[in-house]
Each structure stands twice: as C-alpha cells, then as structure tokens.
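These notes concern the structure reproduced below.
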Amino acid sequence: MSAGSYLLRRVGGLLLVLLVTSFLVFGLLYLAPGSPLAFILGPRGGTPEQIAAVTEQYHLDDPFLVRYVAWLGDILHGDLGYSIVYRQDVSTLISGRVPTTLVLVSMAAVIIAVVGILAGTYAALRRGWSDQLTSTLAAVGLSTPSFVVGVALISIFAVTLGWFPTFGSGTGGIDTLHHLTLPAIALSVASAAYLARITRAAVLEESGREHVQTATVRGLAPRYIVRHHVLRNSLVPIVTVLGLTIATLIAGAVVVENVFALDGLGSLLVRAILQRDFAVVQAVILVLVVAFVVVNAVVDFLYTFIDPRIALGSRQ
Amino acid sequence: MTTPSTTSLAVARVTRERRRAGVVTATRDRLGVLGCTAAAVLLVIVVAALFAPIVAPYDPDFPDLLAALSGPSPAHLLGTDALGRDILSRLIWGARITLAGPGLVILIATVVGVLLALLAAWRGGRTDTVITWLLDVLFAVPGIVFGLIAVAIWGPGLGTVVAGLSIAYIPYVARVVRGAALRERNMPYVSAAWLQGQSGTGITFTQVLPNVQPIVVAQAVSSLGFAVIDLAAVSFLGLGVQPPTADLGLMVKSGFDSMLRGHPIEAIAAGTLIVVIVWCVTVIGDRLTSSARSLR
C-alpha cells in the first residue's frame, strides 16, 4: 500500500472514531435524568436570559440530529460553549489549563521513557539479584495507584524534607518544572514499571538471537552490540507500550492534578463535575478523548519508521 | 449406546481421581510459589473483609471525638482518624467496598464481554466487524473517563462509578476472548460437533466456552487489579464512595489531610493495603495468564 492511500485510510478511520465519540459525548446530555435544560441549569434554575442562552447554545429548539450537527459545527469553529459557573467561554477556560497538563504529561513521558528503558535493559543484561530487585520494584510500582505515590511523595519530599513545594503549578519557566516534578513522578511510576517489564522481556528475547551471538563472536564491543543490535531490534514493543502509556497519562493526569492541586484540565474536570458545570465537563472530556485517540494513531503510524518490515497498513 | 462402555467408565474414574487429588496440586502448579503467597495474602484480606462485623474491633463509623488522631495503642492498634474512628476497623470495612466494587465491575464486564466475544467469533462476517469496531470505540476512551462521565450524568456514588467502569472494562475482556474463541472455532473438534448436528449456540457454550475459560479467568483477574486502582482513584477524587462510608480510596484522602497535620498513619495504612491487594491480584493474574497460554 502506498504511503498516501495508507495515510488517507488512517485519517479516515480516525475521523470516524472521533465522529462517533463526539456523538456519544453530545448524547450524554440526553442520558441524564430530567430535561436537558433543567440538567444544565441545575437546581439553581435560571433567569430567562440564561434559559435563552442555553437553548441557543445547545440548539434545543431544533430536532436531535440537527442539534448534534450544529453543536459539532460550533466546536469545529472553536466554540466549546459557555460555563455557567465561571461565567466564561469554555474555550478560554480550557486553553488556560492546557499548558499545565501538557507540561505534566510531557515530563512524565520523559521520566517513563528514561527510567523504564534503562531499568528494563539493566535488569535483562545483568540478570541475578539486580534483575530480581528491578522486577520486584516493577511489580510493586505497577500495583501502586498514582494518588498513593503522590501522597507519599508529598509527605516525604515536600513536608518532611521540604525540597519541593506541596501544591500548585508555579509561576512559569524553571519554577513550573520545579512544581511539577513530584506530580510527574507520581504520574509516571506505574507506567515506568510496566515499560521496564516490557523492555526487559524484549531485550532478553533479542539478546538470545543468532545475530547477537554472531556480533559477540566477531568481537564487537558489548556496548555497541547492546545499542545497535539488541536495543534497536527491541524497539517495536517498547515504543508500542510507551505510546499507549502516554495516551493513558492524559487520563491519569486527572487524578494527579487533584492530589497536587494543579490548575490543569483534570482538576477543571473534577471541579466541573462536582459543580454540575456541564458545558465544561463535555468539553474537557472531548479534549481528553481526542488527545487519547490522536496519540494512539500517531504511535501506530510511527511503527513503520521504526521497523521497515512492518508494511504500511498491515495488521501486525 | 444404552450401557456405558468400559473406556468411558475408566475416563470417569480418572477424572474423579484427578479432581480429588487435584485442587491443591493444580493451584500450586498454576500459581507457583509467588502466586500461592499472593493468593494466601489475598484470602486473608477477603476473609477479614467478608467477616468485617465479627473481625473489626470497633464500629467503623463510631466517632470518639475525644480520642481523635491518637497514635497506635492497645485499645486502637492503628490509632484513630481525625474523627476518632478506629483506623483498623475502617481498614477492614473499607477493604469490603474496595474489593466488592471492582469485583462487580469485572463480573459485569466479563459476562458482557464474553458474550460479545463468543457472538463475534461464532457468527464472523458482519457481526464480527460491527462488534470489533464497537470494542475499538470503547477502547478509544480511557477507562477512568467512563467512570467520570457516569458521575457527571448521574451524580457521585459507588453505583454510578461501577456502572461506568463496567462498560469501560468490556473491551479488555472481549478482545482477548474473541481472539481465543476464533482460534478454537477453527479446531477440528468444533467441526466435528457441527457435523454431529449440534447447534451453534450449543457448540459455543458446551465446546468453545469451556476451552477458552482459562483465558477468561486470567483476563478477568488481571483486569481486576486495574479496576481496584480506578475505583479507588475515583473515590479519592470524592466522586465515588461517599463519606462516612469506609473506603480505602477515601481513607487515603482523609488520611492525606491528617498527614499534613502530622498524623500519617491512616494514609500509610490505607495506601499500603491498596497496594497489597492490587499486587496480589496482579501476581495471580500474571500466573493465570501464563498458565492459560501454556495450555494452548
């Protein structure tokens, strides 16, 4: 399959999934008990102006499918609705929160990649007790929820030792990185443990291969063999897992942001749910799902660059 | 065949003997030393949680405000929380919900997932395409988000989150089982049953299902660990189990506040118990998965 038609098919499939999920997110409003109008305005009720605004925003006077198309059209124009709690456009509200979540997820992704791959490779090459130790640590890490790690990190490094701030996301630049270090660690522990496990298995399998034996017999430096023969060939499973975990980090950030009281998308979502600010809930969920789907698609596409043997569009 | 043949009698006897000797050896073979340890620890926790009314030394909701935030003592082995409630008793009662909620999630997800997977594998063609696509769409939304969506619609509460997560976990079970069922479907014994005139439903439930059962169990147990984490996380956020009910996720939350005031026991105890539960479940799940694979 040519790269062009492959890309076209992938993007088509992606758009279809996005269309369906957007329809589901839109439909949420109608699963709720009571009329949409009453649900959005909540027990507070609303002034006639508010009722008119909500009716207009959700196109409540139109038939169901027309409402959906109109709503989707609004979203594609960047109009995500109006928050009745914050009295602000949801798009402004969200764009103010995106940077924190983005930095948090990126930092966690870097930690996961570095720690996971290094620990996994180390365990596989060293064997013996250091392998045992790494595997045990990985098993414990995998079993620890991010909020438990977060609470533990705050108690040790923020409260007792005072190395890091307890709450908040800082004022930008280095300060933000400093503030987000503990949250990023909390977010990355389980995924790093998982990646270490996958890396260990992949490296172990690869180092038993004949081409590695040949390289050893030819007298190549062990370092060179590990880097160019073993790691290069174990990259496919590693990148798969790394990509999948980065996608789940987007959802994991919801929990971690609340532990550390960060002003990201996740804390916005939880507060909006508690305050029944439906426009915000809908918009944030849409953003999370779209990000999740897009990251997964990008990872899928990356395979072909890592491993030329995987043909474009093949179902491997 | 009106009288049973000698061979079938012999087979029946061997099966009976294997069953009698079986349970202990079979568990050890399938779980290994580590898995057995995990199973034993989990069993202790489950039994304590089941018999919470007998085992727990105090009423988990009784607030002894005068003894609030006291440290470990003979009266309160793990001390008391900010409202003076006995932490050990709350752990035991909390383990109940922390196990029962995810258990229900996995039960629902497994039943629905297995039915969808078997239907897809047996019917093939368009049914398979539609079901697979549906599972892909469900898979496109991160698990915990389903829980949050359910809360956004129906309000906070354990039931709401369980409903949301049950849907989220369907593809985790269904995908694996569909693959396994597809492999079984192409086996000669299935064609043999078909030729003998057994119906599709009959074959699916009497032939295919028993053969994919180890994979179903392994996948369900492995997913249970994630469900425990997800549900505890939602409760920690204040959107799941509501106070004053004892729940481990909630206890980490309230323990976190006490910890900032210098009383870390509640947070440490509840956090550790969650980790131990998930670790046991994950280890057992891993062992079951590898033994289900080796059976193939």
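All residue names refer to the structure tokens as shown: chains lettered A, B, ... in order, residues numbered from 1 in each chain, ligands numbered from 1 in order.
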
Discussion item. Quick check: residues of chain B within 10 Å of chain A, only C-alpha atoms, returned as a ChimeraX atom specification.
Written reply: /B:133-134,136-146,148-156,225-226,228-230,232-234,236-239,249,252-253,255-257,259-262,264,267-268,270-272,274-283

Practice prompt. Pick out the residues sitting within 12 Å of Asp61 of chain A, and hand them over as an MDAnalysis selection string; count only C-alpha atoms, and ignore anything fewer than 4 positions along from it in its own chain.
Written response: chainID A and resid 36:37 51:57 65:67 70

What does the file look like for those residues with N, CA and C atoms, as an mmCIF file, in the first residue's frame?
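What landed in out32.cif:
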```cif
data_model
loop_
_atom_site.group_PDB
_atom_site.id
_atom_site.type_symbol
_atom_site.label_atom_id
_atom_site.label_comp_id
_atom_site.auth_asym_id
_atom_site.auth_seq_id
_atom_site.Cartn_x
_atom_site.Cartn_y
_atom_site.Cartn_z
ATOM 1 N N PRO A 36 -32.851 18.332 29.286
ATOM 2 C CA PRO A 36 -31.514 18.904 29.128
ATOM 3 C C PRO A 36 -31.421 20.301 29.744
ATOM 4 N N LEU A 37 -32.457 21.073 29.553
ATOM 5 C CA LEU A 37 -32.440 22.449 30.050
ATOM 6 C C LEU A 37 -32.295 22.457 31.569
ATOM 7 N N ILE A 51 -31.840 30.912 30.362
ATOM 8 C CA ILE A 51 -32.586 29.877 29.650
ATOM 9 C C ILE A 51 -32.470 30.098 28.148
ATOM 10 N N ALA A 52 -32.587 31.339 27.732
ATOM 11 C CA ALA A 52 -32.489 31.649 26.304
ATOM 12 C C ALA A 52 -31.090 31.325 25.793
ATOM 13 N N ALA A 53 -30.066 31.655 26.620
ATOM 14 C CA ALA A 53 -28.683 31.422 26.184
ATOM 15 C C ALA A 53 -28.410 29.933 26.032
ATOM 16 N N VAL A 54 -28.866 29.136 27.030
ATOM 17 C CA VAL A 54 -28.633 27.690 26.978
ATOM 18 C C VAL A 54 -29.389 27.078 25.806
ATOM 19 N N THR A 55 -30.645 27.503 25.621
ATOM 20 C CA THR A 55 -31.436 26.996 24.499
ATOM 21 C C THR A 55 -30.720 27.264 23.185
ATOM 22 N N GLU A 56 -30.117 28.460 23.084
ATOM 23 C CA GLU A 56 -29.443 28.813 21.845
ATOM 24 C C GLU A 56 -28.153 28.009 21.682
ATOM 25 N N GLN A 57 -27.413 27.900 22.792
ATOM 26 C CA GLN A 57 -26.124 27.226 22.726
ATOM 27 C C GLN A 57 -26.274 25.762 22.338
ATOM 28 N N LEU A 65 -30.911 15.437 15.672
ATOM 29 C CA LEU A 65 -29.741 15.345 14.805
ATOM 30 C C LEU A 65 -29.260 16.718 14.360
ATOM 31 N N VAL A 66 -30.205 17.620 14.140
ATOM 32 C CA VAL A 66 -29.820 18.984 13.767
ATOM 33 C C VAL A 66 -29.017 19.623 14.896
ATOM 34 N N ARG A 67 -29.451 19.332 16.136
ATOM 35 C CA ARG A 67 -28.732 19.844 17.307
ATOM 36 C C ARG A 67 -27.287 19.371 17.297
ATOM 37 N N ALA A 70 -25.240 21.051 14.580
ATOM 38 C CA ALA A 70 -24.982 22.445 14.948
ATOM 39 C C ALA A 70 -23.928 22.533 16.048
#
```

Worksheet entry | Distance of atom CA of Gly243 of chain A from atom CA of Ile284 of chain B, expressed in Å to one decimal place |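 Pair atom CA of Ile284 of chain B / atom CA of Gly243 of chain A returns 26.5 Å.
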
Worksheet entry | Per-residue DSSP, segment 11-71 of chain A, filtered to helix (DSSP H, G or I), as number ranges by chain | A: 11-31, 36-44, 48-57, 64-71

Can I get the selection written as a compact mmCIF listing (two decimals), in the first residue's frame, with N, CA and C atoms?
```txt
# COMPACT_ATOMS: atom_id res chain seq x y z
N VAL A 11 -6.41 8.35 8.42
CA VAL A 11 -7.07 9.59 8.82
C VAL A 11 -8.58 9.42 8.74
N GLY A 12 -9.04 8.68 7.71
CA GLY A 12 -10.48 8.42 7.59
C GLY A 12 -11.01 7.66 8.79
N GLY A 13 -10.30 6.59 9.18
CA GLY A 13 -10.71 5.80 10.34
C GLY A 13 -10.71 6.63 11.60
N LEU A 14 -9.67 7.46 11.70
CA LEU A 14 -9.53 8.33 12.87
C LEU A 14 -10.72 9.28 12.96
N LEU A 15 -11.05 9.90 11.82
CA LEU A 15 -12.17 10.85 11.81
C LEU A 15 -13.47 10.16 12.19
N LEU A 16 -13.63 8.92 11.72
CA LEU A 16 -14.87 8.18 12.03
C LEU A 16 -14.99 7.95 13.53
N VAL A 17 -13.86 7.50 14.13
CA VAL A 17 -13.89 7.27 15.59
C VAL A 17 -14.18 8.57 16.32
N LEU A 18 -13.53 9.66 15.87
CA LEU A 18 -13.75 10.95 16.52
C LEU A 18 -15.21 11.39 16.38
N LEU A 19 -15.78 11.12 15.20
CA LEU A 19 -17.18 11.49 14.95
C LEU A 19 -18.09 10.75 15.92
N VAL A 20 -17.84 9.43 16.05
CA VAL A 20 -18.69 8.62 16.94
C VAL A 20 -18.54 9.07 18.39
N THR A 21 -17.27 9.26 18.82
CA THR A 21 -17.09 9.66 20.22
C THR A 21 -17.71 11.04 20.47
N SER A 22 -17.57 11.94 19.50
CA SER A 22 -18.17 13.26 19.69
C SER A 22 -19.69 13.13 19.81
N PHE A 23 -20.26 12.21 19.03
CA PHE A 23 -21.71 11.99 19.10
C PHE A 23 -22.09 11.45 20.49
N LEU A 24 -21.26 10.53 21.00
CA LEU A 24 -21.54 9.97 22.33
C LEU A 24 -21.45 11.06 23.40
N VAL A 25 -20.39 11.88 23.30
CA VAL A 25 -20.23 12.95 24.29
C VAL A 25 -21.42 13.91 24.22
N PHE A 26 -21.86 14.17 22.98
CA PHE A 26 -23.03 15.04 22.80
C PHE A 26 -24.27 14.38 23.41
N GLY A 27 -24.39 13.06 23.18
CA GLY A 27 -25.57 12.34 23.64
C GLY A 27 -25.67 12.22 25.15
N LEU A 28 -24.52 12.40 25.85
CA LEU A 28 -24.50 12.31 27.32
C LEU A 28 -25.60 13.13 27.95
N LEU A 29 -25.76 14.32 27.38
CA LEU A 29 -26.72 15.27 27.92
C LEU A 29 -28.12 14.66 27.98
N TYR A 30 -28.41 13.76 27.03
CA TYR A 30 -29.78 13.22 26.93
C TYR A 30 -29.94 11.94 27.72
N LEU A 31 -28.79 11.42 28.25
CA LEU A 31 -28.87 10.25 29.13
C LEU A 31 -29.22 10.69 30.54
N PRO A 36 -32.85 18.33 29.29
CA PRO A 36 -31.51 18.90 29.13
C PRO A 36 -31.42 20.30 29.74
N LEU A 37 -32.46 21.07 29.55
CA LEU A 37 -32.44 22.45 30.05
C LEU A 37 -32.29 22.46 31.57
N ALA A 38 -33.14 21.64 32.23
CA ALA A 38 -33.10 21.57 33.70
C ALA A 38 -31.76 21.02 34.16
N PHE A 39 -31.20 20.05 33.41
CA PHE A 39 -29.95 19.43 33.80
C PHE A 39 -28.81 20.44 33.74
N ILE A 40 -28.76 21.22 32.67
CA ILE A 40 -27.66 22.17 32.51
C ILE A 40 -27.76 23.27 33.55
N LEU A 41 -28.97 23.78 33.76
CA LEU A 41 -29.11 24.90 34.69
C LEU A 41 -29.03 24.42 36.13
N GLY A 42 -29.32 23.14 36.34
CA GLY A 42 -29.17 22.57 37.67
C GLY A 42 -30.25 23.04 38.62
N PRO A 43 -30.07 22.66 39.89
CA PRO A 43 -31.10 23.00 40.89
C PRO A 43 -31.23 24.51 41.09
N ARG A 44 -30.21 25.26 40.61
CA ARG A 44 -30.28 26.71 40.75
C ARG A 44 -31.40 27.32 39.92
N PRO A 48 -34.50 34.09 32.80
CA PRO A 48 -34.96 33.95 31.41
C PRO A 48 -33.81 34.12 30.41
N GLU A 49 -32.87 35.04 30.72
CA GLU A 49 -31.74 35.24 29.79
C GLU A 49 -30.90 33.97 29.71
N GLN A 50 -30.64 33.37 30.90
CA GLN A 50 -29.83 32.15 30.92
C GLN A 50 -30.52 31.04 30.14
N ILE A 51 -31.84 30.91 30.36
CA ILE A 51 -32.59 29.88 29.65
C ILE A 51 -32.47 30.10 28.15
N ALA A 52 -32.59 31.34 27.73
CA ALA A 52 -32.49 31.65 26.30
C ALA A 52 -31.09 31.32 25.79
N ALA A 53 -30.07 31.66 26.62
CA ALA A 53 -28.68 31.42 26.18
C ALA A 53 -28.41 29.93 26.03
N VAL A 54 -28.87 29.14 27.03
CA VAL A 54 -28.63 27.69 26.98
C VAL A 54 -29.39 27.08 25.81
N THR A 55 -30.65 27.50 25.62
CA THR A 55 -31.44 27.00 24.50
C THR A 55 -30.72 27.26 23.19
N GLU A 56 -30.12 28.46 23.08
CA GLU A 56 -29.44 28.81 21.84
C GLU A 56 -28.15 28.01 21.68
N GLN A 57 -27.41 27.90 22.79
CA GLN A 57 -26.12 27.23 22.73
C GLN A 57 -26.27 25.76 22.34
N PHE A 64 -33.19 16.51 17.19
CA PHE A 64 -31.99 15.95 17.81
C PHE A 64 -30.76 15.99 16.89
N LEU A 65 -30.91 15.44 15.67
CA LEU A 65 -29.74 15.34 14.80
C LEU A 65 -29.26 16.72 14.36
N VAL A 66 -30.20 17.62 14.14
CA VAL A 66 -29.82 18.98 13.77
C VAL A 66 -29.02 19.62 14.90
N ARG A 67 -29.45 19.33 16.14
CA ARG A 67 -28.73 19.84 17.31
C ARG A 67 -27.29 19.37 17.30
N TYR A 68 -27.12 18.06 16.99
CA TYR A 68 -25.78 17.49 17.01
C TYR A 68 -24.90 18.17 15.97
N VAL A 69 -25.43 18.28 14.75
CA VAL A 69 -24.64 18.89 13.67
C VAL A 69 -24.28 20.33 14.03
N ALA A 70 -25.24 21.05 14.58
CA ALA A 70 -24.98 22.45 14.95
C ALA A 70 -23.93 22.53 16.05
N TRP A 71 -24.05 21.60 17.02
CA TRP A 71 -23.10 21.57 18.14
C TRP A 71 -21.70 21.27 17.64
```

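With distances restricted to only C-alpha atoms, A:Leu262 is the closest residue to Thr176 of chain A from A:Val236, A:Ala113, A:Leu262, A:Val230.
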
Worksheet item: Rounded to one decimal in Å, what is the spacing between atom CA of Gly103 of chain B and atom CA of Ser166 of chain B?
Response: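 The value is 10.0 Å.
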
Discussion item. What's around Ala39 of chain B at 12 Å? Count only C-alpha atoms, leave out sequence neighbours fewer than 2 positions away in its own chain, and write the answer as a PyMOL selection string.
Written reply: chain B and resi 27-28+30-37+41-47+221+276-285+287-288

Would you put the residues from that selection into a file with N, CA and C atoms, as a CSV table (one decimal), in the first residue's frame?
```csv
chain,number,residue,atom,x,y,z
B,27,THR,N,-3.6,-25.9,41.9
B,27,THR,CA,-3.4,-24.5,42.2
B,27,THR,C,-2.0,-24.2,42.3
B,28,ARG,N,-1.2,-25.1,43.0
B,28,ARG,CA,0.2,-24.9,43.1
B,28,ARG,C,0.9,-24.9,41.7
B,30,ARG,N,-0.4,-24.1,38.9
B,30,ARG,CA,-0.8,-23.0,38.0
B,30,ARG,C,-0.2,-21.7,38.6
B,31,LEU,N,-0.1,-21.6,39.9
B,31,LEU,CA,0.2,-20.3,40.5
B,31,LEU,C,1.7,-20.1,40.9
B,32,GLY,N,2.4,-21.2,41.1
B,32,GLY,CA,3.8,-21.1,41.6
B,32,GLY,C,3.9,-20.6,43.0
B,33,VAL,N,5.1,-20.6,43.5
B,33,VAL,CA,5.3,-20.2,44.9
B,33,VAL,C,4.8,-18.8,45.2
B,34,LEU,N,5.2,-17.8,44.3
B,34,LEU,CA,4.8,-16.4,44.5
B,34,LEU,C,3.3,-16.3,44.4
B,35,GLY,N,2.7,-16.9,43.4
B,35,GLY,CA,1.3,-16.8,43.2
B,35,GLY,C,0.5,-17.4,44.4
B,36,CYS,N,1.1,-18.5,45.0
B,36,CYS,CA,0.4,-19.0,46.1
B,36,CYS,C,0.5,-18.1,47.3
B,37,THR,N,1.6,-17.5,47.5
B,37,THR,CA,1.8,-16.5,48.6
B,37,THR,C,0.7,-15.4,48.4
B,41,VAL,N,-2.3,-14.3,50.9
B,41,VAL,CA,-2.5,-13.0,51.5
B,41,VAL,C,-3.9,-12.4,51.1
B,42,LEU,N,-4.2,-12.6,49.8
B,42,LEU,CA,-5.5,-12.1,49.4
B,42,LEU,C,-6.6,-12.8,50.1
B,43,LEU,N,-6.5,-14.1,50.3
B,43,LEU,CA,-7.5,-14.9,51.0
B,43,LEU,C,-7.7,-14.3,52.4
B,44,VAL,N,-6.6,-14.0,53.1
B,44,VAL,CA,-6.8,-13.4,54.5
B,44,VAL,C,-7.5,-12.1,54.4
B,45,ILE,N,-7.2,-11.3,53.5
B,45,ILE,CA,-7.8,-10.0,53.3
B,45,ILE,C,-9.3,-10.2,53.0
B,46,VAL,N,-9.6,-11.1,52.1
B,46,VAL,CA,-11.0,-11.3,51.7
B,46,VAL,C,-11.8,-11.8,52.8
B,47,VAL,N,-11.3,-12.8,53.6
B,47,VAL,CA,-12.0,-13.4,54.7
B,47,VAL,C,-12.3,-12.3,55.8
B,221,VAL,N,-9.1,-11.7,36.1
B,221,VAL,CA,-8.3,-11.4,37.3
B,221,VAL,C,-7.3,-10.3,37.1
B,276,VAL,N,-1.1,-3.7,48.5
B,276,VAL,CA,-1.0,-5.2,48.7
B,276,VAL,C,-2.1,-5.9,47.9
B,277,ILE,N,-3.3,-5.4,48.0
B,277,ILE,CA,-4.4,-6.0,47.3
B,277,ILE,C,-4.2,-6.1,45.8
B,278,VAL,N,-3.8,-4.9,45.2
B,278,VAL,CA,-3.5,-4.9,43.8
B,278,VAL,C,-2.4,-5.8,43.4
B,279,TRP,N,-1.3,-5.8,44.3
B,279,TRP,CA,-0.1,-6.6,44.0
B,279,TRP,C,-0.5,-8.1,43.9
B,280,CYS,N,-1.3,-8.5,44.9
B,280,CYS,CA,-1.7,-9.9,45.0
B,280,CYS,C,-2.5,-10.3,43.7
B,281,VAL,N,-3.5,-9.4,43.4
B,281,VAL,CA,-4.4,-9.7,42.3
B,281,VAL,C,-3.6,-9.8,41.0
B,282,THR,N,-2.6,-8.8,40.8
B,282,THR,CA,-1.8,-8.8,39.6
B,282,THR,C,-0.9,-10.0,39.5
B,283,VAL,N,-0.3,-10.4,40.6
B,283,VAL,CA,0.6,-11.6,40.5
B,283,VAL,C,-0.2,-12.8,40.1
B,284,ILE,N,-1.4,-13.0,40.8
B,284,ILE,CA,-2.3,-14.1,40.4
B,284,ILE,C,-2.7,-14.1,39.0
B,285,GLY,N,-3.1,-12.9,38.5
B,285,GLY,CA,-3.5,-12.7,37.1
B,285,GLY,C,-2.3,-13.0,36.2
B,287,ARG,N,0.2,-15.1,36.7
B,287,ARG,CA,0.4,-16.6,36.7
B,287,ARG,C,-0.7,-17.3,35.9
B,288,LEU,N,-1.9,-16.9,36.1
B,288,LEU,CA,-3.0,-17.5,35.4
B,288,LEU,C,-2.9,-17.3,33.9
```

Worksheet entry | Between atom CA of Val173 of chain B and atom CA of Ser222 of chain B, distance in Å (one decimal) |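 Computing it gives 9.6 Å between the two atoms.
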
Practice prompt. For each of A:Tyr122, A:Phe167, A:Trp129, A:Phe260, take the minimum atom-to-atom distance to Arg197 of chain A, counting only C-alpha atoms, then give the residue where this is smallest.
Written response: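 Once distances to Arg197 of chain A are computed over only C-alpha atoms, the minimum belongs to A:Tyr122.
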
Worksheet item: Quick one: DSSP strand (DSSP E or B) residues in segment 55-204 of chain A, as a list in words?
Response: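 Filtering segment 55-204 of chain A to strand (DSSP E or B) leaves Tyr82, Ser83, Gln88 and Asp89 of chain A.
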
Fill in: Test item: residues at most 7 Å from segment 70-85 of chain B, only C-alpha atoms, excluding those fewer than 3 positions along its chain, as a PyMOL selection string
chain B and resi 60-67+88+258+266
